[in-house]
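Below is one structure, written out as structure tokens, with a few remarks after it.
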Amino acid sequence: STITTLESEIADAYAQIEQTQLDLQRATEDRKAANFDFQKTVSDQTITIEVLKKALDRLATFYDFLQKKGGASFVQNKQTPPVPQKEYSKNKGSTGVMEMIEKLIHEAADLRKDSQEAEGSAQAAYEQLIADTNGSVEALQKEITSKLAAKADAEKDKLSAESDLSDTNKELEGLSKYSSELHSECDYLLKNFDLRQSTRSNEIEALQQAKQIL
């Protein structure tokens with residue numbers, strides 16, 4: 001029936017809302033976990049870069065000092081070695097160790113950058129999921145409201161129909177009773193028709209005889 005169908009559809013809409021909200025809850029938990037990993041990765045790589053840069057600075061200072069000391073072996077002065085340049089790849093005093101440190105710094109920086117880009121994409125996808133979920137829940141809630149109203153109307157119509165049916169049945173019962181009584185009366189009339197006809201004929205004959213006597 002219409003009411004049963006509406007009840008089923010309303011229950012299904014409620015189930016969809018529950019499942020949608022459950023999916024969002026799980027996605028939120030996953031997003032928090034992923035963001036925690038992201039924060040840790042960025043923090044670890046930032047610290048790694050800082051430590052490696054300090055080590056590179058010290059090595060650059062050391063090699064630059066050795067170069068200056070060797071070039072001034074015949075010149076006695078107490079000048080402080082200059083601060084090494086930051087472009088380590090162009091530093092003529094670089095060694096294999098320094099090049100390896102530079103590579104590690106670049107790798108850590110790339111990992112941090114990739115993590116930031118991935119985090120941005122993941123966060124955008126999560127925010128879109130929230131928007132989609134809210135839209136779906138809102139649509140389902142409107143559907144439920146509409147079908148609840150339709151169900152109420154259907155129940156009202158059903159009650160009205162049942163009341164009309166009851167009234168109709170009462171009318172039919174009355175008509176049936178009247179029909180039965182009428183049928184009985186007709187049977188009586190038909191049963192006594194011949195007798196009344198005979199009686200009437202006798203009455204007419206008696207009147208004629210009386211008229212002749214007079």
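Chain labels follow the order of the structure tokens: the first chain is A, the next B, and so on; residue numbering restarts at 1 in every chain, and ligands are counted from 1 in their shown order.
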At a cut-off of 10 Å, using only C-alpha atoms, what residues contact Glu143 (chain A)? Leave out same-chain residues fewer than 5 positions from it and give the result as a PDB file with all heavy atoms, in the first residue's frame.
```pdb
ATOM      1  N   GLU A   9      10.354   3.838   2.551  1.00  0.00           N
ATOM      2  CA  GLU A   9      11.236   4.868   1.985  1.00  0.00           C
ATOM      3  C   GLU A   9      11.758   5.809   3.068  1.00  0.00           C
ATOM      4  O   GLU A   9      12.923   6.241   3.013  1.00  0.00           O
ATOM      5  CB  GLU A   9      10.480   5.648   0.912  1.00  0.00           C
ATOM      6  CG  GLU A   9      10.165   4.821  -0.329  1.00  0.00           C
ATOM      7  CD  GLU A   9       9.305   5.560  -1.330  1.00  0.00           C
ATOM      8  OE1 GLU A   9       8.762   6.635  -0.956  1.00  0.00           O
ATOM      9  OE2 GLU A   9       9.170   5.098  -2.475  1.00  0.00           O
ATOM     10  N   ILE A  10      10.938   6.135   4.036  1.00  0.00           N
ATOM     11  CA  ILE A  10      11.369   6.995   5.149  1.00  0.00           C
ATOM     12  C   ILE A  10      12.438   6.298   5.974  1.00  0.00           C
ATOM     13  O   ILE A  10      13.454   6.903   6.347  1.00  0.00           O
ATOM     14  CB  ILE A  10      10.159   7.370   6.032  1.00  0.00           C
ATOM     15  CG1 ILE A  10       9.231   8.318   5.262  1.00  0.00           C
ATOM     16  CG2 ILE A  10      10.624   8.026   7.330  1.00  0.00           C
ATOM     17  CD1 ILE A  10       7.897   8.556   5.949  1.00  0.00           C
ATOM     18  N   ALA A  13      15.668   6.377   4.102  1.00  0.00           N
ATOM     19  CA  ALA A  13      16.294   7.704   4.140  1.00  0.00           C
ATOM     20  C   ALA A  13      17.014   7.929   5.472  1.00  0.00           C
ATOM     21  O   ALA A  13      18.135   8.454   5.516  1.00  0.00           O
ATOM     22  CB  ALA A  13      15.245   8.790   3.923  1.00  0.00           C
ATOM     23  N   TYR A  14      16.381   7.509   6.573  1.00  0.00           N
ATOM     24  CA  TYR A  14      17.034   7.620   7.885  1.00  0.00           C
ATOM     25  C   TYR A  14      18.318   6.777   7.920  1.00  0.00           C
ATOM     26  O   TYR A  14      19.349   7.208   8.471  1.00  0.00           O
ATOM     27  CB  TYR A  14      16.081   7.151   8.985  1.00  0.00           C
ATOM     28  CG  TYR A  14      15.131   8.210   9.480  1.00  0.00           C
ATOM     29  CD1 TYR A  14      13.752   8.016   9.424  1.00  0.00           C
ATOM     30  CD2 TYR A  14      15.604   9.398  10.020  1.00  0.00           C
ATOM     31  CE1 TYR A  14      12.864   8.990   9.871  1.00  0.00           C
ATOM     32  CE2 TYR A  14      14.731  10.373  10.479  1.00  0.00           C
ATOM     33  CZ  TYR A  14      13.367  10.162  10.401  1.00  0.00           C
ATOM     34  OH  TYR A  14      12.500  11.121  10.862  1.00  0.00           O
ATOM     35  N   VAL A 137      22.687  15.024   3.438  1.00  0.00           N
ATOM     36  CA  VAL A 137      21.851  14.925   4.648  1.00  0.00           C
ATOM     37  C   VAL A 137      20.672  15.895   4.562  1.00  0.00           C
ATOM     38  O   VAL A 137      19.536  15.544   4.902  1.00  0.00           O
ATOM     39  CB  VAL A 137      22.691  15.213   5.907  1.00  0.00           C
ATOM     40  CG1 VAL A 137      21.785  15.353   7.136  1.00  0.00           C
ATOM     41  CG2 VAL A 137      23.698  14.090   6.141  1.00  0.00           C
ATOM     42  N   GLU A 138      20.945  17.106   4.083  1.00  0.00           N
ATOM     43  CA  GLU A 138      19.873  18.098   3.951  1.00  0.00           C
ATOM     44  C   GLU A 138      18.804  17.620   2.968  1.00  0.00           C
ATOM     45  O   GLU A 138      17.597  17.746   3.224  1.00  0.00           O
ATOM     46  CB  GLU A 138      20.457  19.432   3.480  1.00  0.00           C
ATOM     47  CG  GLU A 138      19.419  20.549   3.376  1.00  0.00           C
ATOM     48  CD  GLU A 138      20.026  21.869   2.948  1.00  0.00           C
ATOM     49  OE1 GLU A 138      21.260  21.936   2.801  1.00  0.00           O
ATOM     50  OE2 GLU A 138      19.265  22.831   2.746  1.00  0.00           O
ATOM     51  N   LEU A 148       6.815  12.173   5.198  1.00  0.00           N
ATOM     52  CA  LEU A 148       6.030  12.110   6.427  1.00  0.00           C
ATOM     53  C   LEU A 148       4.689  12.821   6.233  1.00  0.00           C
ATOM     54  O   LEU A 148       3.649  12.357   6.720  1.00  0.00           O
ATOM     55  CB  LEU A 148       6.805  12.749   7.588  1.00  0.00           C
ATOM     56  CG  LEU A 148       7.937  11.914   8.188  1.00  0.00           C
ATOM     57  CD1 LEU A 148       8.725  12.748   9.197  1.00  0.00           C
ATOM     58  CD2 LEU A 148       7.400  10.658   8.857  1.00  0.00           C
ATOM     59  N   ALA A 149       4.725  13.957   5.536  1.00  0.00           N
ATOM     60  CA  ALA A 149       3.489  14.684   5.244  1.00  0.00           C
ATOM     61  C   ALA A 149       2.581  13.846   4.334  1.00  0.00           C
ATOM     62  O   ALA A 149       1.367  13.773   4.547  1.00  0.00           O
ATOM     63  CB  ALA A 149       3.814  16.023   4.588  1.00  0.00           C
TER      64      ALA A 149
END
```
Selected residue, from A:Thr61, A:Ser8, A:Thr2, A:Thr41, that lies nearest to Ile144 (chain A) when counting only C-alpha atoms: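 Of A:Thr61, A:Ser8, A:Thr2, A:Thr41, the one nearest Ile144 (chain A) is A:Ser8, counting only C-alpha atoms.
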When distances are computed from only C-alpha atoms, which of A:Thr168, A:Asn134, A:Thr5, A:Thr20 shows the smallest separation from Ala154 (chain A)?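 Under the stated criterion, the closest residue is A:Thr5.
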